[in-house]
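Just below is one structure, and these are the notes that go with it.
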Amino acid sequence: MNRSLATVVIASICAACAAGIGDALNELPPVRPGASEIQVEVYRGVMPASLPTPSQHLLIDVTPLLEPGDPPDADADLSPLAKRMVTRLELAPEPEPSKLHAFTRTGGPTDATTCESDPSRESFASAALETLATNLRSGSTLDGMRLTLATDFSVECAERLCESAARLIDEGAWLDFVQFGSGPVPTCIGKLRPTPREPASLGAAFAPSPPTFRIETALPAGAPRTLARGTAQGPPIEVGPGYRTVVVELNPEERIGPVRLVPGQRARIRLMDFPLSAPDQRQWQIEVENAAQ
Amino acid sequence: MPRSSKLQIVCAAWLGVVCGLAASSEAAELTEIFQPTTKPNTLSADQVVDRAFANLFVPDFMMSIETVRTNPAGQRERAVFRVLRRVVNGSLRILTESLEPESIAGTRVLQVERPDGIEQTYAFVRSLGREPFETTYRLADPFLCTWFEQEGIAPTEAGVDFGGRHEVLARRPDEVSGERVQRITVRPMIARGYDRIELVIADRDFAILEYLHYVGASDLEPSLIARADRKDMITLDGHVLPSMIRYEDRLSRDVILVTIEHAQLPPEIPNILFEPRSFHRARTDRVPAADLEQ
């Protein structure tokens with residue numbers, strides 16, 4: 001599974017959830033006089049930002065920097081041109097040298113197979129992509145690897161490029177495409193999809209039913225007593241003032257508090273969980289607002 | 001051949017639709033994908049705080065403390081005091097005595113926390129009639145463990161004795177100098193002139209490495225930051241204790257360096273040094289046991 005993909009997916013989910021909850025909060029009626037309320041929101045993320053980012057490689061077409069009619073030798077070092085292209089395209093940050101790869105759309109035919117949609121087109125980019133993938137496979141798996149291809153698609157055989165791209169995606173790679181030039185983007189690129197098993201399971205993991213929670217008495221001694229129950233992402237739950245502990249029924253449970261509620265107060269609890277990648281990074285905070293303020 | 005640097009980024013447009021795909025796969029795949037190397041925290045934030053103070057609390061215990069306060073003008077002020085702690089007849093006794101500067105040497109405060117929840121504080125000032133002075137030590141400080149046990153001894157407004165408890169307002173895992181920590185924000189149950197404190201507690205041994213002190217409820221920045229480096233920690237009877245603390249007072253812009261020597265309380269120090277009737281009769285650094293026993 002591509003981790004960057006997962007991050008994007010969950011960011012979308014969380015953004016949607018946050019927007020919905022924010023709207024709901026704005027519409028909350030005041031706390032009933034003499035009572036207190038607790039509201040719980042639980043968010044789930046794929047990973048904390050502190051985890052390492054996936055390995056990223058940039059495959060860049062340096063043809064625009066070549067003098068017309070002066071193709072480089074087959075064994076020429078293209079890395080200086082690649083760096084110039086990175087600067088010209090404002091691709092920042094520049095990859096480390098071992099992750100910067102270059103190719104040109106010069107030389108002889110890259111493949112004996114003709115391009116069915118347009119026989120005049122070539123397959124330089126797809127050939128370069130395949131070569132890079134072969135080299136990378138020799139060192140590790142493509143699963144989770146991020147590849148960016150920058151080229152002019154207007155002279156590229158679209159179906160060949162998409163076939164190559166689809167094979168890499170099947171292996172779990174993340175592909176970004178950067179088009180320079182004014183040509184159209186091949187339609188088939190926009191139709192590429194990651195294999196369904198991964199996002200489907202992600203969806204199942206990150207869009208489950210919101211967890212339930214219970215509100216307990218927070219006494220220094222003796223067994224806590226449950227005062228009320230609620231569901232995360234749901235409306236505030238009314239509870240009497242006093243010292244309270246909120247137990248969010250995740251696995252394992254998260255005990256939040258104790259917190260002291262006075263009449264008229266509403267406590268909003270926001271919990272962030274990373275159940276798959278970093279279960280020990282769960283974090284939360286309590287925001288207390290006083291209706292009288 | 002176009003040479004334009006115009007960029008057209010075809011960002012993976014397909015990514016947005018994955019949420020809508022059928023959820024037909026087993027979640028078990030995800031463990032293969034992510035392979036988490038950590039386990040969920042099994043201790044609640046409240047329990048972590050309790051463990052942190054339990055680590056600091058050594059019952060029969062003595063701290064010799066030197067503080068050097070440096071103000072923005074570079075002026076330095078040195079003070080030395082000593083904190084002795086002993087449990088006598090089931091009640092915790094904390095005796096704090098100034099040793100330097102000489103002008104206030106011998107000034108003592110005895111706190112008695114009785115099992116019935118009553119707290120008594122006695123003060124002894126060697127020479128009355130002198131000019132008022134401000135003590136430079138912090139009687140209530142998380143690092144010195146003179147904060148925790150003093151909290152909430154008095155019954156709360158709900159009539160419940162929370163005995164040193166606190167509200168826990170936030171928890172956030174973090175890393176300090178490569179060490180895994182929990183940042184836990186607590187607020188004493190009883191108002192103490194400040195709003196809340198963020199404790200930075202090491203995962204591995206519950207040592208408090210740092211705390212940030214917020215005076216006002218709406219303050220977003222701390223007014224006081226105290227840090228104890230891991231290299232300055234010592235181990236005493238299984239407790240991991242700071243031997244040096246650096247305080248940064250952001251209100252006065254003073255910097256306070258505190259050096260602490262920890263020791264078990266010598267058994268030859270008699271209990272009557274912790275009694276209200278006799279605690280003032282001798283300085284703790286010159287214990288004339290024979291005199292005290294009279």
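How things are named: the first chain in the structure tokens is A, the next is B, and so on; residues count from 1 in each chain; ligands count from 1 in the order shown.
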* Name all residues at most 7 Å from Ala232 (chain A) (count only C-alpha atoms; drop same-chain ones fewer than 5 positions away) and give them as a PyMOL selection string. => chain A and resi 40-42+210-213
* To do: Please provide as a list in words all residues within 7 Å of Tyr247 (chain B), with the sequence filter that same-chain residues fewer than 6 positions apart are discarded (counting only C-alpha atoms).
  =>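 Close residues of Tyr247 (chain B): Leu224, Ile225, Ala226, Arg227, Val255, Ile256 and Leu257 of chain B.
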Dump C-alpha atoms for the selected residues as a JSON list (two decimals), in the first residue's frame?
```json
[["chain", "number", "residue", "atom", "x", "y", "z"],
["B", 224, "LEU", "CA", 8.13, 29.57, 33.28],
["B", 225, "ILE", "CA", 9.99, 26.68, 31.73],
["B", 226, "ALA", "CA", 11.96, 24.22, 33.82],
["B", 227, "ARG", "CA", 14.20, 21.57, 32.30],
["B", 255, "VAL", "CA", 17.48, 32.33, 34.57],
["B", 256, "ILE", "CA", 17.72, 30.15, 37.64],
["B", 257, "LEU", "CA", 20.14, 27.25, 37.89]]
```
* Contact residues around Glu167 (chain B) with only C-alpha atoms at 6 Å, ignoring same-chain residues under 3 positions, as a ChimeraX atom specification -> /A:258-259 /B:186-187
* For Thr131 (chain A), the nearest of the candidates A:Glu90, A:Leu59, A:Leu81, A:Leu175, counting only C-alpha atoms ->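 The closest residue to Thr131 (chain A) is A:Leu59.
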* When DSSP works through the backbone of this structure, what residues of region 215-263 of chain A end up as strand (DSSP E), shown as a ChimeraX atom specification? -> /A:215-217,226-231,237-239,242-248,254-261
* Determine, counting only C-alpha atoms, which protein, DNA and RNA residues have an atom within 12 Å of an atom of Arg246 (chain B); residues of the same chain fewer than 6 positions away are not included. Present the result as a PyMOL selection string. => chain B and resi 66-70+143+209-212+224-229+232+254-260
With N, CA and C atoms kept, could you save the residues just selected as a PDB file, in the first residue's frame?
```pdb
ATOM      1  N   GLU B  66      20.948  24.339  45.889  1.00  0.00           N
ATOM      2  CA  GLU B  66      21.588  25.634  45.657  1.00  0.00           C
ATOM      3  C   GLU B  66      20.937  26.260  44.434  1.00  0.00           C
ATOM      4  N   THR B  67      20.520  27.515  44.581  1.00  0.00           N
ATOM      5  CA  THR B  67      19.939  28.207  43.431  1.00  0.00           C
ATOM      6  C   THR B  67      20.786  29.422  43.103  1.00  0.00           C
ATOM      7  N   VAL B  68      21.003  29.625  41.827  1.00  0.00           N
ATOM      8  CA  VAL B  68      21.708  30.829  41.363  1.00  0.00           C
ATOM      9  C   VAL B  68      20.809  31.489  40.335  1.00  0.00           C
ATOM     10  N   ARG B  69      20.306  32.628  40.742  1.00  0.00           N
ATOM     11  CA  ARG B  69      19.402  33.377  39.861  1.00  0.00           C
ATOM     12  C   ARG B  69      20.182  34.489  39.172  1.00  0.00           C
ATOM     13  N   THR B  70      20.089  34.554  37.868  1.00  0.00           N
ATOM     14  CA  THR B  70      20.776  35.594  37.105  1.00  0.00           C
ATOM     15  C   THR B  70      19.732  36.423  36.370  1.00  0.00           C
ATOM     16  N   PHE B 143       9.260  19.422  40.112  1.00  0.00           N
ATOM     17  CA  PHE B 143      10.540  18.723  40.109  1.00  0.00           C
ATOM     18  C   PHE B 143      10.966  18.300  41.508  1.00  0.00           C
ATOM     19  N   LEU B 209      11.148  15.426  32.700  1.00  0.00           N
ATOM     20  CA  LEU B 209      12.282  16.059  32.032  1.00  0.00           C
ATOM     21  C   LEU B 209      12.075  17.560  31.884  1.00  0.00           C
ATOM     22  N   GLU B 210      10.832  17.979  31.962  1.00  0.00           N
ATOM     23  CA  GLU B 210      10.560  19.382  31.683  1.00  0.00           C
ATOM     24  C   GLU B 210       9.163  19.701  32.198  1.00  0.00           C
ATOM     25  N   TYR B 211       8.969  20.946  32.584  1.00  0.00           N
ATOM     26  CA  TYR B 211       7.586  21.389  32.753  1.00  0.00           C
ATOM     27  C   TYR B 211       7.432  22.836  32.328  1.00  0.00           C
ATOM     28  N   LEU B 212       6.248  23.143  31.849  1.00  0.00           N
ATOM     29  CA  LEU B 212       5.927  24.481  31.370  1.00  0.00           C
ATOM     30  C   LEU B 212       4.740  24.987  32.172  1.00  0.00           C
ATOM     31  N   LEU B 224       6.952  30.173  32.669  1.00  0.00           N
ATOM     32  CA  LEU B 224       8.132  29.570  33.283  1.00  0.00           C
ATOM     33  C   LEU B 224       8.379  28.207  32.634  1.00  0.00           C
ATOM     34  N   ILE B 225       9.627  27.977  32.289  1.00  0.00           N
ATOM     35  CA  ILE B 225       9.989  26.675  31.728  1.00  0.00           C
ATOM     36  C   ILE B 225      11.113  26.102  32.575  1.00  0.00           C
ATOM     37  N   ALA B 226      10.933  24.888  33.011  1.00  0.00           N
ATOM     38  CA  ALA B 226      11.961  24.219  33.817  1.00  0.00           C
ATOM     39  C   ALA B 226      12.384  22.947  33.098  1.00  0.00           C
ATOM     40  N   ARG B 227      13.697  22.746  33.021  1.00  0.00           N
ATOM     41  CA  ARG B 227      14.196  21.569  32.303  1.00  0.00           C
ATOM     42  C   ARG B 227      15.256  20.851  33.131  1.00  0.00           C
ATOM     43  N   ALA B 228      15.202  19.550  33.060  1.00  0.00           N
ATOM     44  CA  ALA B 228      16.243  18.719  33.672  1.00  0.00           C
ATOM     45  C   ALA B 228      16.754  17.776  32.589  1.00  0.00           C
ATOM     46  N   ASP B 229      18.013  17.923  32.241  1.00  0.00           N
ATOM     47  CA  ASP B 229      18.571  17.056  31.202  1.00  0.00           C
ATOM     48  C   ASP B 229      18.729  15.641  31.726  1.00  0.00           C
ATOM     49  N   ASP B 232      21.766  14.835  33.677  1.00  0.00           N
ATOM     50  CA  ASP B 232      21.847  15.316  35.052  1.00  0.00           C
ATOM     51  C   ASP B 232      20.952  14.525  36.000  1.00  0.00           C
ATOM     52  N   ASP B 254      14.630  36.188  34.124  1.00  0.00           N
ATOM     53  CA  ASP B 254      15.694  35.619  34.943  1.00  0.00           C
ATOM     54  C   ASP B 254      15.937  34.171  34.527  1.00  0.00           C
ATOM     55  N   VAL B 255      17.146  33.741  34.741  1.00  0.00           N
ATOM     56  CA  VAL B 255      17.480  32.325  34.574  1.00  0.00           C
ATOM     57  C   VAL B 255      17.940  31.808  35.926  1.00  0.00           C
ATOM     58  N   ILE B 256      17.399  30.697  36.329  1.00  0.00           N
ATOM     59  CA  ILE B 256      17.723  30.146  37.638  1.00  0.00           C
ATOM     60  C   ILE B 256      18.304  28.751  37.449  1.00  0.00           C
ATOM     61  N   LEU B 257      19.523  28.580  37.926  1.00  0.00           N
ATOM     62  CA  LEU B 257      20.139  27.253  37.886  1.00  0.00           C
ATOM     63  C   LEU B 257      20.052  26.657  39.280  1.00  0.00           C
ATOM     64  N   VAL B 258      19.488  25.486  39.342  1.00  0.00           N
ATOM     65  CA  VAL B 258      19.283  24.825  40.630  1.00  0.00           C
ATOM     66  C   VAL B 258      20.098  23.536  40.641  1.00  0.00           C
ATOM     67  N   THR B 259      20.933  23.417  41.640  1.00  0.00           N
ATOM     68  CA  THR B 259      21.723  22.196  41.809  1.00  0.00           C
ATOM     69  C   THR B 259      21.224  21.485  43.059  1.00  0.00           C
ATOM     70  N   ILE B 260      20.999  20.211  42.924  1.00  0.00           N
ATOM     71  CA  ILE B 260      20.382  19.460  44.022  1.00  0.00           C
ATOM     72  C   ILE B 260      21.256  18.260  44.373  1.00  0.00           C
TER      73      ILE B 260
END
```
* Name the residues in contact with Gly230 (chain A) at a cut-off of 10 Å, using only C-alpha atoms, excluding same-chain residues fewer than 3 positions from it; report them as a list in words. =>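 The residues that qualify are Ile38, Gln39, Val40, Pro211, Thr212, Phe213, Arg214, Ile215, Gln233, Gly234, Pro235, Pro236, Ile237, Glu238 and Val248 of chain A.
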* Asked: Looking at only C-alpha atoms, which of A:Leu28, A:Leu227, A:Leu168, A:Ala125 is the one that sits closest to Gly144 (chain A)?
  -> A:Leu168
* Option closest in space to chain B, from A:Leu147, A:Val178, A:Leu136, A:Val86 [counting only C-alpha atoms] -> A:Val178
* Best match for closeness to Val80 (chain B) among B:Ile184, B:Ala282, B:Glu261, B:Val58, counting only C-alpha atoms ->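 Ranked by minimum distance to Val80 (chain B), first place goes to B:Glu261.
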* Asked: Near Arg105 (chain A), within 8 Å and counting only C-alpha atoms, which residues show up once chain neighbours fewer than 4 positions away are dropped, as an NGL selection string?
  -> :A and (61 or 63 or 124-125)
* Enter the distance from CA of Glu97 (chain B) to CA of Phe53 (chain B), in Å, rounded to one decimal. =>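 Calculated distance between CA of Glu97 (chain B) and CA of Phe53 (chain B) is 22.6 Å.
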